[in-house]
Every structure is written in C-alpha cells, then in structure tokens.
>>> print(open('query-v5.txt').read())   # compact mmCIF, C-alpha atoms
# COMPACT_ATOMS: atom_id res chain seq x y z
CA MET A 10 125.57 196.19 -104.14
CA SER A 11 129.10 196.03 -102.77
CA LEU A 12 129.29 194.26 -99.42
CA THR A 13 131.94 194.65 -96.77
CA LEU A 14 132.45 192.47 -93.72
CA ARG A 15 133.88 193.24 -90.30
CA THR A 16 133.79 192.11 -86.69
CA ILE A 17 130.82 193.62 -84.84
CA SER A 18 129.95 193.96 -81.16
CA ARG A 19 127.60 191.56 -79.44
CA GLU A 20 125.15 194.43 -78.98
CA GLN A 21 125.05 195.10 -82.74
CA HIS A 22 124.70 191.39 -83.40
CA LEU A 23 121.83 190.95 -80.93
CA ALA A 24 120.01 194.07 -82.15
CA TYR A 25 120.11 192.73 -85.69
CA ILE A 26 118.77 189.29 -84.63
CA GLN A 27 115.99 191.04 -82.68
CA SER A 28 114.97 192.95 -85.82
CA LEU A 29 114.25 189.68 -87.66
CA PRO A 30 111.11 187.47 -87.46
CA ALA A 31 113.38 184.56 -86.35
CA ALA A 32 116.89 183.09 -86.52
CA SER A 33 118.58 179.93 -85.28
CA HIS A 34 119.32 179.78 -81.55
CA MET A 35 122.88 178.83 -82.58
CA GLN A 36 123.34 182.23 -84.22
CA VAL A 37 122.54 184.45 -81.22
CA PRO A 38 125.60 186.02 -79.55
CA ALA A 39 124.98 184.16 -76.26
CA TRP A 40 125.45 180.81 -78.01
CA ALA A 41 129.18 181.63 -77.94
CA ASP A 42 129.05 181.45 -74.12
CA VAL A 43 127.27 178.09 -74.27
CA LYS A 44 130.10 176.75 -76.47
CA ALA A 45 132.78 178.00 -74.08
CA GLU A 46 135.45 175.63 -75.40
CA TRP A 47 135.42 177.43 -78.78
CA ARG A 48 136.75 180.92 -79.46
CA SER A 49 134.04 183.07 -81.02
CA GLU A 50 133.44 186.16 -83.10
CA SER A 51 130.41 188.12 -84.34
CA LEU A 52 130.60 189.06 -88.03
CA GLY A 53 128.57 191.74 -89.76
CA TRP A 54 127.93 192.35 -93.46
CA PHE A 55 127.43 196.00 -94.47
CA ASP A 56 125.99 197.36 -97.70
CA GLY A 57 127.23 200.41 -99.62
CA SER A 58 125.51 202.83 -97.22
CA ASP A 59 127.18 201.09 -94.25
CA GLN A 60 123.93 199.54 -93.08
CA LEU A 61 124.14 196.17 -91.30
CA VAL A 62 122.43 193.62 -93.61
CA GLY A 63 123.56 190.26 -92.24
CA VAL A 64 125.31 188.66 -89.26
CA GLY A 65 127.12 185.45 -88.40
CA LEU A 66 128.32 183.81 -85.20
CA VAL A 67 131.63 182.05 -85.87
CA LEU A 68 133.04 179.46 -83.49
CA TYR A 69 136.76 178.70 -83.82
CA ARG A 70 138.12 175.34 -82.71
CA GLN A 71 141.90 174.98 -82.60
CA LEU A 72 143.54 172.02 -84.31
CA PRO A 73 145.56 169.88 -81.86
CA LYS A 74 149.17 171.12 -81.58
CA ILE A 75 149.01 173.93 -84.20
CA LYS A 76 147.64 177.46 -84.17
CA ARG A 77 145.17 176.90 -86.99
CA TYR A 78 141.41 176.74 -86.63
CA LEU A 79 138.26 175.21 -87.95
CA ALA A 80 135.75 178.08 -88.33
CA TYR A 81 132.16 176.92 -87.78
CA LEU A 82 128.92 178.84 -88.34
CA PRO A 83 126.21 176.51 -86.96
CA GLU A 84 122.88 177.02 -88.77
CA GLY A 85 124.28 180.24 -90.18
CA PRO A 86 125.26 182.80 -91.23
CA VAL A 87 122.09 184.89 -91.04
CA ILE A 88 122.15 186.49 -94.48
CA ASN A 89 119.94 186.74 -97.58
CA TRP A 90 120.63 183.25 -98.93
CA PHE A 91 118.50 183.82 -102.01
CA ALA A 92 120.48 186.89 -103.12
CA PRO A 93 121.63 186.47 -106.73
CA ASN A 94 125.09 187.72 -105.70
CA LEU A 95 125.72 185.02 -103.08
CA ASP A 96 129.45 184.98 -103.89
CA GLU A 97 129.67 188.64 -102.83
CA TRP A 98 128.49 187.54 -99.36
CA MET A 99 130.82 184.54 -99.19
CA ARG A 100 134.04 186.06 -100.56
CA PRO A 101 134.67 188.64 -97.80
CA MET A 102 133.73 186.04 -95.17
CA LEU A 103 136.26 183.50 -96.44
CA ALA A 104 138.98 186.17 -96.73
CA HIS A 105 138.33 187.30 -93.15
CA LEU A 106 138.30 183.77 -91.72
CA LYS A 107 141.53 182.91 -93.52
CA GLN A 108 143.11 186.00 -91.98
CA GLN A 109 141.95 184.76 -88.57
CA GLY A 110 143.94 181.55 -89.05
CA ALA A 111 141.13 179.27 -90.25
CA PHE A 112 142.24 176.31 -92.39
CA SER A 113 138.65 175.19 -93.07
CA VAL A 114 135.16 176.70 -92.83
CA LYS A 115 131.98 174.79 -92.02
CA MET A 116 128.53 176.38 -92.22
CA GLY A 117 124.90 175.29 -92.21
CA PRO A 118 122.73 177.46 -94.46
CA PRO A 119 119.32 177.83 -92.74
CA VAL A 120 117.59 177.02 -96.04
CA VAL A 121 114.84 174.37 -96.36
CA ILE A 122 114.79 172.37 -99.62
CA ARG A 123 111.81 170.05 -99.13
CA ARG A 124 108.90 169.49 -96.79
CA TRP A 125 106.72 166.41 -96.30
CA ASP A 126 103.44 166.69 -94.43
CA ALA A 127 102.33 164.08 -91.88
CA THR A 128 99.90 162.40 -94.31
CA ALA A 129 102.66 161.83 -96.89
CA ILE A 130 104.99 160.41 -94.23
CA LYS A 131 102.31 158.09 -92.84
CA SER A 132 101.58 156.62 -96.26
CA GLY A 133 105.35 156.25 -96.75
CA ILE A 134 105.67 154.31 -93.49
CA GLN A 135 102.91 151.94 -94.65
CA ASP A 136 104.59 151.33 -98.03
CA PRO A 137 107.11 148.45 -97.77
CA ASP A 138 109.11 149.83 -100.73
CA VAL A 139 109.74 153.13 -98.95
CA LYS A 140 112.85 153.07 -96.78
CA ARG A 141 113.72 156.79 -96.52
CA LEU A 142 111.98 160.15 -96.54
CA ARG A 143 113.62 160.86 -99.89
CA ASP A 144 111.66 157.96 -101.40
CA ILE A 145 108.42 159.86 -100.79
CA GLU A 146 107.33 162.65 -103.08
CA ALA A 147 107.76 165.93 -101.19
CA THR A 148 104.64 167.95 -100.36
CA HIS A 149 106.54 171.18 -100.96
CA ILE A 150 109.79 171.88 -102.83
CA GLU A 151 111.73 175.16 -102.68
CA PRO A 152 113.33 175.57 -106.14
CA ARG A 153 115.48 178.51 -104.95
CA ALA A 154 117.22 176.18 -102.48
CA PHE A 155 118.62 174.14 -105.38
CA GLU A 156 119.99 177.36 -106.89
CA VAL A 157 121.74 178.13 -103.59
CA ALA A 158 123.34 174.67 -103.61
CA ASP A 159 124.50 175.14 -107.24
CA ARG A 160 126.01 178.54 -106.45
CA LEU A 161 127.88 177.17 -103.44
CA ARG A 162 129.30 174.26 -105.47
CA LYS A 163 130.47 176.64 -108.21
CA MET A 164 132.31 178.68 -105.56
CA GLY A 165 134.16 175.60 -104.33
CA TRP A 166 132.07 174.72 -101.27
CA GLN A 167 131.73 170.99 -100.64
CA GLN A 168 128.62 169.32 -99.33
CA GLY A 169 129.28 167.73 -95.95
CA GLU A 170 128.77 163.99 -95.79
CA ASP A 171 125.23 163.02 -94.82
CA GLY A 172 125.46 163.18 -91.04
CA GLY A 173 129.24 163.01 -91.48
CA ALA A 174 131.59 163.29 -88.52
CA GLY A 175 132.45 166.96 -88.73
CA PHE A 176 134.62 168.61 -86.12
CA GLY A 177 132.26 169.32 -83.25
CA ASP A 178 128.48 169.36 -83.40
CA VAL A 179 127.01 168.38 -86.72
CA GLN A 180 123.46 169.69 -86.92
CA PRO A 181 120.59 167.55 -88.18
CA ARG A 182 119.67 167.89 -91.85
CA TYR A 183 116.13 166.62 -91.23
CA VAL A 184 113.91 168.20 -88.60
CA PHE A 185 110.24 167.99 -87.66
CA GLN A 186 108.18 171.18 -87.33
CA VAL A 187 104.61 172.08 -86.43
CA PRO A 188 103.58 175.25 -88.31
CA LEU A 189 101.53 177.62 -86.13
CA ALA A 190 101.14 180.73 -88.31
CA ASN A 191 97.57 181.47 -89.42
CA ARG A 192 96.16 178.45 -87.56
CA SER A 193 93.85 178.27 -84.57
CA LEU A 194 94.93 176.24 -81.57
CA GLU A 195 91.92 174.03 -82.20
CA ASP A 196 93.20 173.38 -85.71
CA VAL A 197 96.63 172.43 -84.32
CA HIS A 198 94.98 169.99 -81.87
CA LYS A 199 92.87 168.52 -84.68
CA GLY A 200 96.09 167.93 -86.64
CA PHE A 201 97.32 165.49 -83.99
CA ASN A 202 96.72 161.83 -84.77
CA GLN A 203 94.24 159.81 -82.71
CA LEU A 204 96.93 158.28 -80.54
CA TRP A 205 98.30 161.70 -79.56
CA ARG A 206 94.85 163.08 -78.77
CA ARG A 207 94.05 159.98 -76.76
CA ASN A 208 97.33 160.22 -74.84
CA ILE A 209 96.79 163.89 -74.02
CA LYS A 210 93.36 162.98 -72.64
CA LYS A 211 94.79 160.04 -70.73
CA ALA A 212 97.39 162.28 -69.06
CA GLU A 213 94.70 164.81 -68.12
CA LYS A 214 92.52 162.09 -66.62
CA ALA A 215 95.44 160.66 -64.65
CA GLY A 216 96.09 164.10 -63.18
CA VAL A 217 99.42 164.82 -64.89
CA GLU A 218 100.33 168.47 -64.40
CA VAL A 219 102.93 170.36 -66.40
CA VAL A 220 104.91 173.10 -64.66
CA GLN A 221 107.76 175.42 -65.58
CA GLY A 222 111.02 175.15 -63.67
CA GLY A 223 113.93 177.52 -63.10
CA TYR A 224 117.73 177.41 -62.74
CA GLU A 225 117.39 175.80 -59.30
CA ASP A 226 115.58 172.84 -60.91
CA LEU A 227 118.35 171.95 -63.36
CA ALA A 228 119.74 169.24 -61.04
CA GLU A 229 116.33 167.55 -61.11
CA TRP A 230 116.30 167.91 -64.91
CA GLN A 231 119.76 166.28 -64.99
CA ARG A 232 118.55 163.32 -62.94
CA LEU A 233 115.80 162.51 -65.49
CA TYR A 234 118.10 163.23 -68.43
CA GLU A 235 120.73 160.78 -67.16
CA ILE A 236 118.07 158.07 -66.71
CA THR A 237 117.10 158.69 -70.36
CA ALA A 238 120.72 158.59 -71.55
CA GLU A 239 121.26 155.22 -69.88
CA ARG A 240 118.04 153.82 -71.36
CA ASP A 241 118.66 155.15 -74.88
CA HIS A 242 122.43 154.53 -74.88
CA PHE A 243 123.79 158.02 -75.50
CA ARG A 244 126.40 160.03 -73.63
CA PRO A 245 124.69 162.74 -71.58
CA ARG A 246 125.98 166.30 -71.38
CA PRO A 247 127.04 167.30 -67.85
CA LEU A 248 124.88 169.44 -65.56
CA SER A 249 127.39 172.30 -65.98
CA TYR A 250 126.49 172.48 -69.68
CA PHE A 251 122.79 173.11 -68.95
CA GLU A 252 123.65 175.58 -66.16
CA ARG A 253 125.89 177.48 -68.56
CA MET A 254 123.20 177.34 -71.26
CA TRP A 255 120.56 178.70 -68.89
CA THR A 256 122.75 181.51 -67.56
CA ALA A 257 124.12 182.54 -70.96
CA LEU A 258 120.87 182.45 -72.93
CA ASN A 259 118.60 183.96 -70.30
CA SER A 260 120.97 186.80 -69.46
CA GLU A 261 120.78 187.76 -73.15
CA ASP A 262 116.98 187.49 -73.18
CA PRO A 263 115.00 186.40 -70.08
CA ASN A 264 112.70 184.31 -72.28
CA ARG A 265 115.35 182.56 -74.39
CA MET A 266 115.34 179.22 -72.53
CA ARG A 267 112.61 177.49 -70.53
CA LEU A 268 112.43 174.29 -68.52
CA TYR A 269 109.29 172.16 -68.21
CA PHE A 270 108.39 169.22 -65.95
CA ALA A 271 105.48 166.80 -66.22
CA ARG A 272 104.43 165.68 -62.73
CA HIS A 273 102.28 162.84 -61.55
CA GLU A 274 101.27 162.49 -57.90
CA GLY A 275 103.93 165.02 -56.95
CA GLU A 276 106.73 163.21 -58.79
CA ASN A 277 108.56 164.56 -61.86
CA VAL A 278 108.32 161.90 -64.57
CA ALA A 279 109.30 163.85 -67.70
CA ALA A 280 111.16 167.07 -68.49
CA ALA A 281 112.13 169.19 -71.48
CA THR A 282 114.03 172.33 -72.39
CA MET A 283 112.64 174.91 -74.79
CA LEU A 284 114.49 177.62 -76.74
CA ILE A 285 112.92 180.77 -78.20
CA VAL A 286 114.25 183.20 -80.82
CA GLY A 287 111.61 185.52 -82.23
CA GLY A 288 108.79 183.44 -83.74
CA HIS A 289 110.79 180.21 -83.79
CA VAL A 290 110.42 177.91 -80.77
CA TRP A 291 112.44 174.70 -80.34
CA TYR A 292 111.85 171.68 -78.17
CA SER A 293 115.52 171.19 -77.51
CA TYR A 294 116.24 168.37 -75.02
CA GLY A 295 113.81 165.83 -73.57
CA ALA A 296 113.98 163.38 -70.67
CA SER A 297 111.69 160.90 -68.95
CA ALA A 298 111.66 158.39 -66.11
CA ASN A 299 111.51 154.63 -66.71
CA HIS A 300 108.19 154.28 -64.91
CA LYS A 301 104.71 155.86 -65.13
CA ARG A 302 104.88 155.94 -68.90
CA GLU A 303 101.28 154.78 -69.01
CA VAL A 304 100.11 158.22 -67.77
CA ARG A 305 101.65 159.73 -70.96
CA PRO A 306 103.63 162.60 -69.39
CA SER A 307 105.59 163.37 -72.59
CA ASN A 308 102.43 163.97 -74.65
CA ALA A 309 101.00 166.23 -71.93
CA MET A 310 104.25 168.19 -71.76
CA GLN A 311 104.52 168.66 -75.54
CA TRP A 312 100.93 169.87 -75.73
CA ARG A 313 101.57 172.40 -72.97
CA MET A 314 104.80 173.60 -74.66
CA LEU A 315 103.00 173.90 -77.98
CA ARG A 316 100.21 175.94 -76.39
CA ASP A 317 102.76 178.21 -74.70
CA ALA A 318 104.60 178.67 -78.00
CA TYR A 319 101.27 179.53 -79.64
CA ALA A 320 100.42 182.04 -76.89
CA MET A 321 103.81 183.75 -77.48
CA GLY A 322 102.84 184.26 -81.11
CA ALA A 323 105.32 181.69 -82.44
CA THR A 324 105.06 180.84 -86.13
CA VAL A 325 106.70 177.42 -85.79
CA TYR A 326 107.18 174.81 -83.06
CA ASP A 327 110.32 172.88 -83.92
CA LEU A 328 110.80 169.36 -82.59
CA ARG A 329 114.38 169.32 -83.93
CA GLY A 330 116.17 166.39 -85.49
CA ILE A 331 114.79 163.21 -86.98
CA SER A 332 116.50 160.48 -88.96
CA ASP A 333 115.37 160.17 -92.58
CA SER A 334 114.89 156.42 -92.11
CA LEU A 335 111.33 155.08 -92.32
CA ASP A 336 112.44 151.53 -91.65
CA GLU A 337 110.60 150.19 -88.59
CA THR A 338 113.65 148.14 -87.55
CA ASP A 339 115.82 151.29 -87.37
CA HIS A 340 116.49 152.32 -83.74
CA LEU A 341 115.64 155.95 -84.61
CA PHE A 342 112.28 155.07 -86.17
CA GLY A 343 110.39 155.62 -82.89
CA LEU A 344 111.51 159.25 -82.89
CA ILE A 345 109.92 160.10 -86.24
CA GLN A 346 106.84 158.08 -85.30
CA PHE A 347 106.40 160.12 -82.10
CA LYS A 348 106.89 163.45 -83.91
CA VAL A 349 104.69 162.61 -86.93
CA GLY A 350 101.80 162.21 -84.48
CA THR A 351 101.78 166.01 -83.98
CA GLY A 352 100.52 166.41 -87.53
CA GLY A 353 103.41 168.69 -88.47
CA GLN A 354 105.86 168.33 -91.31
CA ALA A 355 109.36 167.00 -91.87
CA ALA A 356 111.74 169.55 -93.35
CA GLU A 357 115.03 168.89 -95.11
CA TYR A 358 117.68 171.60 -94.84
CA LEU A 359 120.54 172.14 -97.27
CA GLY A 360 122.88 170.41 -94.82
CA GLU A 361 126.34 171.51 -93.80
CA TRP A 362 128.97 172.74 -96.26
CA ASP A 363 132.75 172.90 -96.03
CA PHE A 364 135.27 175.20 -97.65
CA PRO A 365 138.87 173.97 -97.30
CA LEU A 366 141.09 177.09 -97.10
CA ASN A 367 144.09 174.78 -96.67
CA LYS A 368 143.40 171.51 -98.49
CA LEU A 369 146.22 169.62 -96.76
CA LEU A 370 145.08 170.49 -93.21
CA HIS A 371 141.44 169.94 -94.17
CA LYS A 372 142.32 166.42 -95.38
CA ALA A 373 144.35 165.75 -92.23
CA LEU A 374 141.38 166.77 -90.11
CA ASP A 375 139.08 164.41 -92.05
CA ILE A 376 141.44 161.51 -91.42
CA TYR A 377 141.84 162.44 -87.75
CA MET A 378 138.06 162.61 -87.27
CA SER A 379 137.36 159.32 -89.04
CA ARG A 380 139.77 157.51 -86.69
CA ARG A 381 138.18 158.85 -83.49
>>> encode(input="query-v5.txt", output="structure tokens")
Amino acid sequence: MSLTLRTISREQHLAYIQSLPAASHMQVPAWADVKAEWRSESLGWFDGSDQLVGVGLVLYRQLPKIKRYLAYLPEGPVINWFAPNLDEWMRPMLAHLKQQGAFSVKMGPPVVIRRWDATAIKSGIQDPDVKRLRDIEATHIEPRAFEVADRLRKMGWQQGEDGGAGFGDVQPRYVFQVPLANRSLEDVHKGFNQLWRRNIKKAEKAGVEVVQGGYEDLAEWQRLYEITAERDHFRPRPLSYFERMWTALNSEDPNRMRLYFARHEGENVAAATMLIVGGHVWYSYGASANHKREVRPSNAMQWRMLRDAYAMGATVYDLRGISDSLDETDHLFGLIQFKVGTGGQAAEYLGEWDFPLNKLLHKALDIYMSRR
C-alpha cells in the first residue's frame, strides 16, 4: 500500500474522526482553536485509491527569533499504529513537516503498552518494596506496542524523557481509566472500593446535588479552580482559556465539552469539566472549595459524570493523568489513591517521541527548555 500525505480541510478531518469509535480530544480540529498561540494544520493520509485512512492535527510553535518551528501532534496522529509498514506512514509526514519549516517533531502515539487493575495497584501500595507502578506485574501487556516502539527507534525517533520538559504541553504517560464496555452500571458501582461507595452515600444523605452548567457558569468554575490552584500550588489557566475551550469545542460538536457542579445547600463546592469524543469520555479539569469536604462533593460528582458517560454509550471513562509513584510520601500519591478507588485500571502509554529534523536546533531547544 503506497501512502500519500497532504493538508486536508477541517471538514474532512472532523468527518474522519466522527467515523471512528474514538480518538483523543487533542486530535479533533477544534483543538487547534483551543491552542490559539500555535499555528495549526490538519494532515490526511491517503491510500492508493485516494481514500482517507488517517489524520493528524499538527500544532506549530515558532522558535524565539527564527522562522523555524517545533511541530507537535499531541496524542496523535490518528493512524493505524500497528501497521507493519509504519515507516510508510511516518516518512511522508516528516518530509511534509520539514517542508513547513519544522526543525523538530514531537508526537504521542495513542498506544497503550501495559494496564494494571485496581487490585494489583492496591497490593502494590501495601508492599513496602514497591515504589512505582513499573515494579508491579502488569495485569495486561500489549506485545504489539513494543513492536511499535522498536520500529520508531529504528527510524530514528527518540523517546522523550519521562515527563521531560518538552516545548509546550507534555501529556501524561500514565492515566487512570474506568472501562465501561460490556458492563452494567451496577457492576461499575460494585467495582468502587468501600470508601468510594460510602462517600457517594454520604453525599446523597447530606443532600449534595450535581448539576450541569453552561458557558455563563465558567466564571463560577474559575472561582473554584483558582481556590484549588492556591491550595495545591499550581499555576491556574486563565478564565479566557476555558471560555475559548468551551466555544471552540462545542461549536464543533455541541456535546464535546460539559461542565458539572456539586452543590450543597445552594452553594457550589466542587466542579469539573468533561470532554467527549465518540466512546471516549475524559474527566478533564477538577476543582473544589476548601470547606464542606465532609459532604464528599467530588465523589458525588464523579459518580454522576460516570453515569452520564455510561448513558451516552461510552466505552471508557478516563480520569486522565496519574504519577507512576506509589510512595505514600509523594505529593502526587493522593491522586492515584483517589482514582484507584473507582476500581478502574492504570494504563501506560508509549509516551512522547521526538524526531530532530535539524539536530543543532533540536539540541539548542533542549538547552533552552532546561534553563527555563
């Protein structure tokens, strides 16, 4: 099969994504509008009969002072990663990006290598010798993923540093997902640990109600999010980012982004954003107040979001990034502990890969980023 690659329209790109069971929310055309500070392009791969067989959203970030770019395909491209002729997919892409002035390419193959179920993780947490997810035997291993990694290395792609400081947003290698396909809602609820089930009940008893919000409620979302940022010591994104996200994603598909609030006695005490592409649903950003934690608003909200995802026919509810550290003294440990309670599974992706088209500029960028 000889593959050709060319720029495609957003309409072609979206139609292709809509024909798939799922794809990353960072590979839909509207994501380009969310990342307004990057230049963007939709790429299409065509087979011999000129049929569209793969797409990619490329974001270009200009290097300070020179007209050369880093080309980034977050959680993409959306191609057949297990094709034996992977180099025939990559070659035209690299040639095209070089022509566009890219000095380096970064991509994140949406390929899972390993999965660990909640039971395996729990026993790992209890074992003092286990410090990382990798120390636990995986519940499921995808052998084809290792072949993909080997093929990429042979072509000259380099594995990004674990959580390394890439240029822009580096996506998490480890995520936590609750599988929903072929399960009853009752089965999903039974999968929760005792603490989660108890907390959901507690919230119900206390009268916590979970409601959906709209664009006009984003300022209220921002208020809770900034409280969370101050408490957890991270730099919050501005309100304009979420407004742009809402407008861009929901004008592409009215059900692409949702906003949820958990209320107690008329007061919003927790909030979350949800993203939907086909059968894949993400819990994307979360926020909560400093008080009323005892009524467990976050558990109530997650349970409602999970039920809504299930009602939409989602195959997976994705709680996004976790750290691979199982050390209780690690500041990120609470995150995995909270997510493991849903009875889902941790998944390890192939991580991000770089291809230096200009080795000198690629090296300069690495040095520049490490000094920031």
>>> atom_distance(input="query-v5.txt", atom1="CA of His149 in chain A", atom2="CA of Lys163 in chain A")
25.6 Å
>>> closest_atom_pairs(input="query-v5.txt", of="range 226-283 of chain A", to="range 306-318 of chain A", cutoff="7 Å", atoms="all atoms listed in the file", output="JSON lines")
{"residue": "A:Ala271", "atom": "CA", "partner": "A:Pro306", "partner_atom": "CA", "distance": 5.6}
{"residue": "A:Val278", "atom": "CA", "partner": "A:Pro306", "partner_atom": "CA", "distance": 6.8}
{"residue": "A:Ala279", "atom": "CA", "partner": "A:Pro306", "partner_atom": "CA", "distance": 6.0}
>>> residues_around(input="query-v5.txt", residues="Ile209 in chain A", least_positions_apart="3", cutoff="12 Å", atoms="only C-alpha atoms", output="mmCIF file with C-alpha atoms, in the coordinates of the input")
data_model
loop_
_atom_site.group_PDB
_atom_site.id
_atom_site.type_symbol
_atom_site.label_atom_id
_atom_site.label_comp_id
_atom_site.auth_asym_id
_atom_site.auth_seq_id
_atom_site.Cartn_x
_atom_site.Cartn_y
_atom_site.Cartn_z
ATOM 1 C CA HIS A 198 94.980 169.990 -81.870
ATOM 2 C CA PHE A 201 97.320 165.490 -83.990
ATOM 3 C CA ASN A 202 96.720 161.830 -84.770
ATOM 4 C CA GLN A 203 94.240 159.810 -82.710
ATOM 5 C CA LEU A 204 96.930 158.280 -80.540
ATOM 6 C CA TRP A 205 98.300 161.700 -79.560
ATOM 7 C CA ARG A 206 94.850 163.080 -78.770
ATOM 8 C CA ALA A 212 97.390 162.280 -69.060
ATOM 9 C CA GLU A 213 94.700 164.810 -68.120
ATOM 10 C CA LYS A 214 92.520 162.090 -66.620
ATOM 11 C CA ALA A 215 95.440 160.660 -64.650
ATOM 12 C CA GLY A 216 96.090 164.100 -63.180
ATOM 13 C CA VAL A 217 99.420 164.820 -64.890
ATOM 14 C CA GLU A 218 100.330 168.470 -64.400
ATOM 15 C CA VAL A 219 102.930 170.360 -66.400
ATOM 16 C CA GLU A 303 101.280 154.780 -69.010
ATOM 17 C CA VAL A 304 100.110 158.220 -67.770
ATOM 18 C CA ARG A 305 101.650 159.730 -70.960
ATOM 19 C CA PRO A 306 103.630 162.600 -69.390
ATOM 20 C CA SER A 307 105.590 163.370 -72.590
ATOM 21 C CA ASN A 308 102.430 163.970 -74.650
ATOM 22 C CA ALA A 309 101.000 166.230 -71.930
ATOM 23 C CA MET A 310 104.250 168.190 -71.760
ATOM 24 C CA GLN A 311 104.520 168.660 -75.540
ATOM 25 C CA TRP A 312 100.930 169.870 -75.730
ATOM 26 C CA ARG A 313 101.570 172.400 -72.970
ATOM 27 C CA GLY A 350 101.800 162.210 -84.480
ATOM 28 C CA THR A 351 101.780 166.010 -83.980
#
>>> residues_around(input="query-v5.txt", residues="Val187 in chain A", least_positions_apart="3", cutoff="8 Å", atoms="only C-alpha atoms", output="VMD selection string")
chain A and resid 325 to 328 351 to 354
>>> residues_around(input="query-v5.txt", residues="Leu103 in chain A", least_positions_apart="2", cutoff="10 Å", atoms="only C-alpha atoms", output="MDAnalysis selection string")
chainID A and resid 80 98:101 105:109 111 113:114 364:366
>>> residues_around(input="query-v5.txt", residues="Leu335 in chain A", least_positions_apart="4", cutoff="10 Å", atoms="only C-alpha atoms", output="compact mmCIF listing (two decimals) with C-alpha atoms, in the coordinates of the input")
# COMPACT_ATOMS: atom_id res chain seq x y z
CA ILE A 130 104.99 160.41 -94.23
CA LYS A 131 102.31 158.09 -92.84
CA GLY A 133 105.35 156.25 -96.75
CA ILE A 134 105.67 154.31 -93.49
CA GLN A 135 102.91 151.94 -94.65
CA ASP A 136 104.59 151.33 -98.03
CA PRO A 137 107.11 148.45 -97.77
CA VAL A 139 109.74 153.13 -98.95
CA LYS A 140 112.85 153.07 -96.78
CA ARG A 141 113.72 156.79 -96.52
CA LEU A 142 111.98 160.15 -96.54
CA ARG A 143 113.62 160.86 -99.89
CA ASP A 144 111.66 157.96 -101.40
CA ASP A 339 115.82 151.29 -87.37
CA LEU A 341 115.64 155.95 -84.61
CA PHE A 342 112.28 155.07 -86.17
CA GLY A 343 110.39 155.62 -82.89
CA ILE A 345 109.92 160.10 -86.24
CA GLN A 346 106.84 158.08 -85.30
>>> closest_residue(input="query-v5.txt", among="A:Pro188, A:Ala45, A:Asn259, A:Trp40", to="Gly322 in chain A", atoms="only C-alpha atoms")
A:Pro188
>>> closest_residue(input="query-v5.txt", among="A:Gln221, A:Ser293, A:Thr338, A:Ser51", to="Arg272 in chain A", atoms="all atoms listed in the file")
A:Gln221
>>> residues_around(input="query-v5.txt", residues="Ile236 in chain A", least_positions_apart="3", cutoff="12 Å", atoms="all atoms listed in the file", output="MDAnalysis selection string")
chainID A and resid 229:233 239:245 278:280 295:300
>>> axis_aligned_box(input="query-v5.txt", around="range 299-302 of chain A", padding_each_side="8 Å", output="AutoDock Vina command-line options")
--center_x 108.1 --center_y 155.1 --center_z -66.9 --size_x 22.8 --size_y 17.7 --size_z 20.0
>>> atom_distance(input="query-v5.txt", atom1="CA of Ala320 in chain A", atom2="CA of Glu261 in chain A")
21.5 Å
>>> build_atoms(input="query-v5.txt", residues="range 75-80 of chain A", atoms="all heavy atoms", output="PDB file, in the coordinates of the input")
ATOM      1  N   ILE A  75     148.621 172.784 -83.350  1.00  0.00           N
ATOM      2  CA  ILE A  75     149.010 173.930 -84.200  1.00  0.00           C
ATOM      3  C   ILE A  75     148.019 175.071 -84.079  1.00  0.00           C
ATOM      4  O   ILE A  75     146.862 174.868 -83.760  1.00  0.00           O
ATOM      5  CB  ILE A  75     149.170 173.538 -85.701  1.00  0.00           C
ATOM      6  CG1 ILE A  75     147.896 172.863 -86.229  1.00  0.00           C
ATOM      7  CG2 ILE A  75     150.390 172.684 -85.960  1.00  0.00           C
ATOM      8  CD1 ILE A  75     147.886 172.705 -87.737  1.00  0.00           C
ATOM      9  N   LYS A  76     148.502 176.283 -84.340  1.00  0.00           N
ATOM     10  CA  LYS A  76     147.640 177.460 -84.170  1.00  0.00           C
ATOM     11  C   LYS A  76     146.827 177.723 -85.442  1.00  0.00           C
ATOM     12  O   LYS A  76     146.907 178.782 -86.048  1.00  0.00           O
ATOM     13  CB  LYS A  76     148.490 178.674 -83.815  1.00  0.00           C
ATOM     14  CG  LYS A  76     148.640 178.854 -82.311  1.00  0.00           C
ATOM     15  CD  LYS A  76     149.117 180.243 -81.945  1.00  0.00           C
ATOM     16  CE  LYS A  76     148.007 181.153 -81.474  1.00  0.00           C
ATOM     17  NZ  LYS A  76     147.496 180.860 -80.146  1.00  0.00           N
ATOM     18  N   ARG A  77     146.075 176.719 -85.858  1.00  0.00           N
ATOM     19  CA  ARG A  77     145.170 176.900 -86.990  1.00  0.00           C
ATOM     20  C   ARG A  77     143.796 176.409 -86.545  1.00  0.00           C
ATOM     21  O   ARG A  77     143.685 175.558 -85.678  1.00  0.00           O
ATOM     22  CB  ARG A  77     145.650 176.081 -88.203  1.00  0.00           C
ATOM     23  CG  ARG A  77     147.010 176.516 -88.736  1.00  0.00           C
ATOM     24  CD  ARG A  77     147.018 177.961 -89.222  1.00  0.00           C
ATOM     25  NE  ARG A  77     146.256 178.151 -90.450  1.00  0.00           N
ATOM     26  CZ  ARG A  77     146.730 177.925 -91.656  1.00  0.00           C
ATOM     27  NH1 ARG A  77     147.962 177.487 -91.822  1.00  0.00           N
ATOM     28  NH2 ARG A  77     145.980 178.119 -92.718  1.00  0.00           N
ATOM     29  N   TYR A  78     142.753 176.974 -87.162  1.00  0.00           N
ATOM     30  CA  TYR A  78     141.410 176.740 -86.630  1.00  0.00           C
ATOM     31  C   TYR A  78     140.433 176.231 -87.666  1.00  0.00           C
ATOM     32  O   TYR A  78     140.544 176.535 -88.852  1.00  0.00           O
ATOM     33  CB  TYR A  78     140.839 178.063 -86.078  1.00  0.00           C
ATOM     34  CG  TYR A  78     141.697 178.685 -85.017  1.00  0.00           C
ATOM     35  CD1 TYR A  78     142.728 179.551 -85.366  1.00  0.00           C
ATOM     36  CD2 TYR A  78     141.469 178.412 -83.668  1.00  0.00           C
ATOM     37  CE1 TYR A  78     143.527 180.128 -84.387  1.00  0.00           C
ATOM     38  CE2 TYR A  78     142.258 178.985 -82.685  1.00  0.00           C
ATOM     39  CZ  TYR A  78     143.290 179.838 -83.050  1.00  0.00           C
ATOM     40  OH  TYR A  78     144.078 180.395 -82.075  1.00  0.00           O
ATOM     41  N   LEU A  79     139.449 175.490 -87.156  1.00  0.00           N
ATOM     42  CA  LEU A  79     138.260 175.210 -87.950  1.00  0.00           C
ATOM     43  C   LEU A  79     137.287 176.338 -87.581  1.00  0.00           C
ATOM     44  O   LEU A  79     137.079 176.612 -86.400  1.00  0.00           O
ATOM     45  CB  LEU A  79     137.628 173.876 -87.559  1.00  0.00           C
ATOM     46  CG  LEU A  79     136.223 173.688 -88.153  1.00  0.00           C
ATOM     47  CD1 LEU A  79     136.300 173.186 -89.583  1.00  0.00           C
ATOM     48  CD2 LEU A  79     135.384 172.744 -87.331  1.00  0.00           C
ATOM     49  N   ALA A  80     136.742 177.035 -88.583  1.00  0.00           N
ATOM     50  CA  ALA A  80     135.750 178.080 -88.330  1.00  0.00           C
ATOM     51  C   ALA A  80     134.372 177.498 -88.628  1.00  0.00           C
ATOM     52  O   ALA A  80     134.141 176.965 -89.714  1.00  0.00           O
ATOM     53  CB  ALA A  80     136.018 179.289 -89.219  1.00  0.00           C
TER      54      ALA A  80
END
